[in-house]
Amino acid sequence: MAEMMSTPKPQSTPKPQVAEREKQRSFNLHVNDKYYALAFLGPSLLVLGVFVFYPMLRTLYLSLFLTNNVGRPTVFVGLKNYVNLLTSSAYQASLQATAVYVIGVVVCTLVIGLLLAQMAVRKLAGIQWFRTIFSATMGVSVSVAAIFWLFIFSPSVGLFDQIGKLLHLPLVQWLTTPGPAMVAVIISTVWMNLGFTFLILFGALQMVPQPLYEASAIEGASPRYQFFHVTLPMISPTLFFTSTVTLIGAFKSFGLIDLMTAGGPNNATNLMVYQVYRDAFLNGNYGLASAESVILAVIIALFTLLQFKFLEKRVTY
Amino acid sequence: MAIELNALGKEYTAGNWVLENVSAHINSGEFFAIVGPSGCGKSTLLRMIAGLIPISAGELKIDDQVATNLPPKDRKLTMVFQSYALFPFLSVSDNVAFGLKARKFPAAEIKERVDRAIDLVNLNEFKDRKPRDLSGGQRQRVALARAIASDVKICLMDEPLSNLDAQLRIKMRTELRNLQRELGLTVIYVTHDQVEAMTMADHIMVLHNHAIQQIGTPLEIYNQPANTFVASFFGTPRMNLLPARVVGDRELLLADTLRLAVPSDLPVADYVVGLRPNALRVMRASADAANAQVKTVEYLGSDILLEAQMADGTPIELMTAAEESYQVGDRLTVALAGKAYVFNHAGQAQFIVEGGVHHGGNDVNTKAAVHA
């Protein structure tokens, strides 16, 4: 016992040294950590810097200039590009078309995607086939989809007009009349989006624990009540995710528009991205196109922020 | 609110019965336990009663009304799930109110019932919390409160305590039982835990191999098991089942070692005799007098559980007071000091012999209780 009692004394003396050494080591670690961090971050920083951050800043910069036809800034015009854009009736029409398109695409994609997922989640014979078919558009390239839809919408011989003929409806010049053209590109985009949306929502529906449905059925909830008070709240985080992704995607749609209508007829489907493309690469007006890009980026950022602010609080549990 | 099961059956694919001919009468205000090993169909039976899966055969009556094909919401019952089935996005009080809101009760009544139910399970301080902020025991109480708030008198419970830790489970047993008595609930309680069933239930239904093995009070189940399955399923440590054959007049030889005098002539040659570990007396023995040898020793505190091998190689479990210490390889003399349950070859109970099996002579008084 006496021995044990006396031991702490000699042990306590080397303590400061130990502390010193610890400090030194932690400093070394600290320095090393920084190098390690840089080594790991370096490649992606480089790639992001070259392909994202620099182009972003360059776009901002260019948007304040007039440019020559190879994109070099010539005359500093300040915010004049922006003023010109926002007061131009053509650009306002493009904003309006984008709004219609985005709302149409997001709403239809989510509603139809949810409907398909809700159907596919039932345990029926052969449902596996439908699950594959519903998610198949994920594997279709934009150009193939565009050609496919061009056939369907083609005047008089297309599928839609054939059906119309059978029902003695007036023929619609789908892609050459402003209103129907917008409907046509919305339908095609929604169709393209459905595969992904379906798959994500289907996954979310499958994750809803079965006892929740059983408990609510016993407690007296009808299937309708269950859908609105069990299913929707349970998958709301996923719905939020898909709505955000679809919204951003819709703002950025280009391929289908370019291949199906090229912004026409009469600029009816001339979305913001398409306008950027036209001004930069067809008209060689890089300064104006840069300003349009900045406006588009700001709008997307704003919507995403709003979504996070108002929806996220309600959908997390 | 009595419940009557009339030859209920369930087949998922034609001819493949997972439950057959299940009949029982569950009295109003009774705590009725359905017990069996996993896969015996006990949860299936409960779900059939709840209406969550269709009944393939037979008739279900709830409160004298035929309920065989009623949808779950019209069966005037409620259910507590093993996973609790709480809505993660709703607060405690909204979870409890869920059913009342779905059934469109007036707001004032919902509030009153929810408050009363939450009060009954002592969750007043947690009303506004989400389930994720509650402990397992508290979630369990929310599930109970939801069942109570619905104000129906039949409550089905599917292993409600099996997600709780051991101590809490024992505490909740008493609480659940008290609550059931206080509210006059008819409870059908599914569990795989025989101790839970024994301690809580008024009546126990034992399910195995797609069919009822026995229905009875806990005492009946323990003291008069209908077959070898029930006998070995109830009681820890498990009952020993020894092969026995008739030797001489009114005498059985168990595991070629122990003799058991029986009160009447036996019609067939082979039997199975059940002996609970505490119904056997254990003595240390010299090599020539021994009839068993210790294989493993488990100290349980006040008792020792010995796993031994009879002279003919049959394994047997023995309980003895922890006063003496045993080692693996020790030689023992085992003698009967309690009830011997005699089953026929098919495992059906024949009669019970009170008294003793012993090594050697047959001079012990035997008293037989015949049943089944």
# chains A, B, ... in the order shown; residues from 1 in each chain; ligands from 1
>>> interface_residues(of="chain A", to="chain B", cutoff="8 Å", atoms="only C-alpha atoms", output="JSON, numbers by chain")
{"A": [209, 211, 212, 214, 215, 216, 217, 218, 219, 220, 221, 222, 225, 230, 233, 234, 316, 317]}
>>> residues_around(residues="segment 293-308 of chain A", least_positions_apart="6", cutoff="12 Å", atoms="only C-alpha atoms", output="VMD selection string")
chain A and resid 55 to 64 79 81 to 83 85 to 86 91 94 to 95 98 to 99 102 to 103 237 239 to 253 271 to 280 286 to 287 314 to 316
>>> select_by_dssp(residues="segment 71-314 of chain B", states="strand (DSSP E)", output="NGL selection string")
:B and (77-80 or 154-158 or 186-191 or 203-208 or 211-216 or 240-246 or 251-254 or 258-261 or 270-275 or 280-284 or 292-299 or 303-310)
>>> atom_distance(atom1="atom CA of Ser188 of chain A", atom2="atom CA of Ile152 of chain A")
10.2 Å
>>> residues_around(residues="segment 29-40 of chain B", least_positions_apart="6", cutoff="9 Å", atoms="only C-alpha atoms", output="ChimeraX atom specification")
/B:1-2,18-19,46,153-154,177,180-181,183-194,196-198,200-211,233
>>> decode(residues="segment 20-56 of chain B", atoms="N, CA and C atoms", output="PDB file, in the first residue's frame")
ATOM      1  N   GLU B  20     -54.881 -23.537 -39.577  1.00  0.00           N
ATOM      2  CA  GLU B  20     -56.009 -24.407 -39.851  1.00  0.00           C
ATOM      3  C   GLU B  20     -56.854 -24.585 -38.601  1.00  0.00           C
ATOM      4  N   ASN B  21     -58.175 -24.467 -38.791  1.00  0.00           N
ATOM      5  CA  ASN B  21     -59.116 -24.859 -37.766  1.00  0.00           C
ATOM      6  C   ASN B  21     -58.828 -24.221 -36.410  1.00  0.00           C
ATOM      7  N   VAL B  22     -58.675 -22.921 -36.405  1.00  0.00           N
ATOM      8  CA  VAL B  22     -58.395 -22.230 -35.153  1.00  0.00           C
ATOM      9  C   VAL B  22     -59.715 -21.755 -34.552  1.00  0.00           C
ATOM     10  N   SER B  23     -60.062 -22.323 -33.419  1.00  0.00           N
ATOM     11  CA  SER B  23     -61.293 -21.935 -32.744  1.00  0.00           C
ATOM     12  C   SER B  23     -60.985 -21.526 -31.318  1.00  0.00           C
ATOM     13  N   ALA B  24     -61.634 -20.464 -30.875  1.00  0.00           N
ATOM     14  CA  ALA B  24     -61.449 -20.040 -29.491  1.00  0.00           C
ATOM     15  C   ALA B  24     -62.551 -19.068 -29.134  1.00  0.00           C
ATOM     16  N   HIS B  25     -62.837 -18.982 -27.851  1.00  0.00           N
ATOM     17  CA  HIS B  25     -63.778 -17.965 -27.384  1.00  0.00           C
ATOM     18  C   HIS B  25     -63.035 -17.055 -26.423  1.00  0.00           C
ATOM     19  N   ILE B  26     -63.011 -15.771 -26.749  1.00  0.00           N
ATOM     20  CA  ILE B  26     -62.290 -14.824 -25.910  1.00  0.00           C
ATOM     21  C   ILE B  26     -63.314 -13.951 -25.212  1.00  0.00           C
ATOM     22  N   ASN B  27     -63.340 -14.046 -23.886  1.00  0.00           N
ATOM     23  CA  ASN B  27     -64.352 -13.328 -23.115  1.00  0.00           C
ATOM     24  C   ASN B  27     -64.088 -11.836 -23.085  1.00  0.00           C
ATOM     25  N   SER B  28     -65.157 -11.103 -22.818  1.00  0.00           N
ATOM     26  CA  SER B  28     -65.036  -9.662 -22.678  1.00  0.00           C
ATOM     27  C   SER B  28     -64.145  -9.348 -21.475  1.00  0.00           C
ATOM     28  N   GLY B  29     -63.232  -8.411 -21.642  1.00  0.00           N
ATOM     29  CA  GLY B  29     -62.360  -7.985 -20.548  1.00  0.00           C
ATOM     30  C   GLY B  29     -61.245  -8.950 -20.225  1.00  0.00           C
ATOM     31  N   GLU B  30     -61.003  -9.874 -21.145  1.00  0.00           N
ATOM     32  CA  GLU B  30     -59.998 -10.894 -20.884  1.00  0.00           C
ATOM     33  C   GLU B  30     -58.661 -10.528 -21.523  1.00  0.00           C
ATOM     34  N   PHE B  31     -57.578 -10.954 -20.900  1.00  0.00           N
ATOM     35  CA  PHE B  31     -56.251 -10.807 -21.476  1.00  0.00           C
ATOM     36  C   PHE B  31     -55.876 -12.156 -22.062  1.00  0.00           C
ATOM     37  N   PHE B  32     -55.908 -12.228 -23.398  1.00  0.00           N
ATOM     38  CA  PHE B  32     -55.746 -13.504 -24.079  1.00  0.00           C
ATOM     39  C   PHE B  32     -54.428 -13.491 -24.846  1.00  0.00           C
ATOM     40  N   ALA B  33     -53.533 -14.402 -24.502  1.00  0.00           N
ATOM     41  CA  ALA B  33     -52.225 -14.418 -25.162  1.00  0.00           C
ATOM     42  C   ALA B  33     -52.168 -15.519 -26.213  1.00  0.00           C
ATOM     43  N   ILE B  34     -51.584 -15.182 -27.364  1.00  0.00           N
ATOM     44  CA  ILE B  34     -51.316 -16.181 -28.400  1.00  0.00           C
ATOM     45  C   ILE B  34     -49.804 -16.379 -28.429  1.00  0.00           C
ATOM     46  N   VAL B  35     -49.378 -17.589 -28.128  1.00  0.00           N
ATOM     47  CA  VAL B  35     -47.950 -17.846 -27.989  1.00  0.00           C
ATOM     48  C   VAL B  35     -47.521 -18.934 -28.951  1.00  0.00           C
ATOM     49  N   GLY B  36     -46.301 -18.823 -29.409  1.00  0.00           N
ATOM     50  CA  GLY B  36     -45.753 -19.881 -30.246  1.00  0.00           C
ATOM     51  C   GLY B  36     -44.403 -19.456 -30.760  1.00  0.00           C
ATOM     52  N   PRO B  37     -43.653 -20.399 -31.306  1.00  0.00           N
ATOM     53  CA  PRO B  37     -42.340 -20.049 -31.851  1.00  0.00           C
ATOM     54  C   PRO B  37     -42.509 -19.217 -33.112  1.00  0.00           C
ATOM     55  N   SER B  38     -41.441 -18.570 -33.569  1.00  0.00           N
ATOM     56  CA  SER B  38     -41.593 -17.724 -34.749  1.00  0.00           C
ATOM     57  C   SER B  38     -41.976 -18.584 -35.955  1.00  0.00           C
ATOM     58  N   GLY B  39     -42.857 -18.037 -36.779  1.00  0.00           N
ATOM     59  CA  GLY B  39     -43.316 -18.770 -37.952  1.00  0.00           C
ATOM     60  C   GLY B  39     -44.506 -19.681 -37.685  1.00  0.00           C
ATOM     61  N   CYS B  40     -45.075 -19.617 -36.477  1.00  0.00           N
ATOM     62  CA  CYS B  40     -46.182 -20.540 -36.178  1.00  0.00           C
ATOM     63  C   CYS B  40     -47.507 -19.970 -36.659  1.00  0.00           C
ATOM     64  N   GLY B  41     -47.517 -18.713 -37.089  1.00  0.00           N
ATOM     65  CA  GLY B  41     -48.762 -18.143 -37.606  1.00  0.00           C
ATOM     66  C   GLY B  41     -49.501 -17.276 -36.606  1.00  0.00           C
ATOM     67  N   LYS B  42     -48.850 -16.945 -35.483  1.00  0.00           N
ATOM     68  CA  LYS B  42     -49.570 -16.170 -34.467  1.00  0.00           C
ATOM     69  C   LYS B  42     -49.857 -14.744 -34.926  1.00  0.00           C
ATOM     70  N   SER B  43     -48.882 -14.126 -35.604  1.00  0.00           N
ATOM     71  CA  SER B  43     -49.141 -12.772 -36.115  1.00  0.00           C
ATOM     72  C   SER B  43     -50.163 -12.822 -37.244  1.00  0.00           C
ATOM     73  N   THR B  44     -50.099 -13.874 -38.057  1.00  0.00           N
ATOM     74  CA  THR B  44     -51.083 -14.051 -39.129  1.00  0.00           C
ATOM     75  C   THR B  44     -52.489 -14.092 -38.543  1.00  0.00           C
ATOM     76  N   LEU B  45     -52.646 -14.852 -37.457  1.00  0.00           N
ATOM     77  CA  LEU B  45     -53.954 -14.966 -36.818  1.00  0.00           C
ATOM     78  C   LEU B  45     -54.425 -13.588 -36.321  1.00  0.00           C
ATOM     79  N   LEU B  46     -53.511 -12.846 -35.714  1.00  0.00           N
ATOM     80  CA  LEU B  46     -53.873 -11.528 -35.193  1.00  0.00           C
ATOM     81  C   LEU B  46     -54.297 -10.594 -36.326  1.00  0.00           C
ATOM     82  N   ARG B  47     -53.559 -10.667 -37.447  1.00  0.00           N
ATOM     83  CA  ARG B  47     -53.883  -9.824 -38.591  1.00  0.00           C
ATOM     84  C   ARG B  47     -55.205 -10.229 -39.227  1.00  0.00           C
ATOM     85  N   MET B  48     -55.518 -11.512 -39.149  1.00  0.00           N
ATOM     86  CA  MET B  48     -56.824 -11.950 -39.650  1.00  0.00           C
ATOM     87  C   MET B  48     -57.936 -11.365 -38.786  1.00  0.00           C
ATOM     88  N   ILE B  49     -57.709 -11.366 -37.477  1.00  0.00           N
ATOM     89  CA  ILE B  49     -58.719 -10.806 -36.572  1.00  0.00           C
ATOM     90  C   ILE B  49     -58.851  -9.299 -36.822  1.00  0.00           C
ATOM     91  N   ALA B  50     -57.704  -8.641 -37.090  1.00  0.00           N
ATOM     92  CA  ALA B  50     -57.724  -7.193 -37.316  1.00  0.00           C
ATOM     93  C   ALA B  50     -58.337  -6.835 -38.662  1.00  0.00           C
ATOM     94  N   GLY B  51     -58.339  -7.809 -39.586  1.00  0.00           N
ATOM     95  CA  GLY B  51     -58.864  -7.518 -40.918  1.00  0.00           C
ATOM     96  C   GLY B  51     -57.795  -7.027 -41.874  1.00  0.00           C
ATOM     97  N   LEU B  52     -56.533  -7.119 -41.482  1.00  0.00           N
ATOM     98  CA  LEU B  52     -55.458  -6.655 -42.361  1.00  0.00           C
ATOM     99  C   LEU B  52     -55.171  -7.671 -43.454  1.00  0.00           C
ATOM    100  N   ILE B  53     -55.453  -8.942 -43.184  1.00  0.00           N
ATOM    101  CA  ILE B  53     -55.374  -9.941 -44.247  1.00  0.00           C
ATOM    102  C   ILE B  53     -56.678 -10.733 -44.233  1.00  0.00           C
ATOM    103  N   PRO B  54     -57.149 -11.131 -45.421  1.00  0.00           N
ATOM    104  CA  PRO B  54     -58.443 -11.807 -45.483  1.00  0.00           C
ATOM    105  C   PRO B  54     -58.408 -13.182 -44.815  1.00  0.00           C
ATOM    106  N   ILE B  55     -59.567 -13.570 -44.302  1.00  0.00           N
ATOM    107  CA  ILE B  55     -59.712 -14.887 -43.680  1.00  0.00           C
ATOM    108  C   ILE B  55     -60.106 -15.876 -44.775  1.00  0.00           C
ATOM    109  N   SER B  56     -59.394 -17.004 -44.881  1.00  0.00           N
ATOM    110  CA  SER B  56     -59.673 -17.955 -45.964  1.00  0.00           C
ATOM    111  C   SER B  56     -60.800 -18.920 -45.609  1.00  0.00           C
TER     112      SER B  56
END
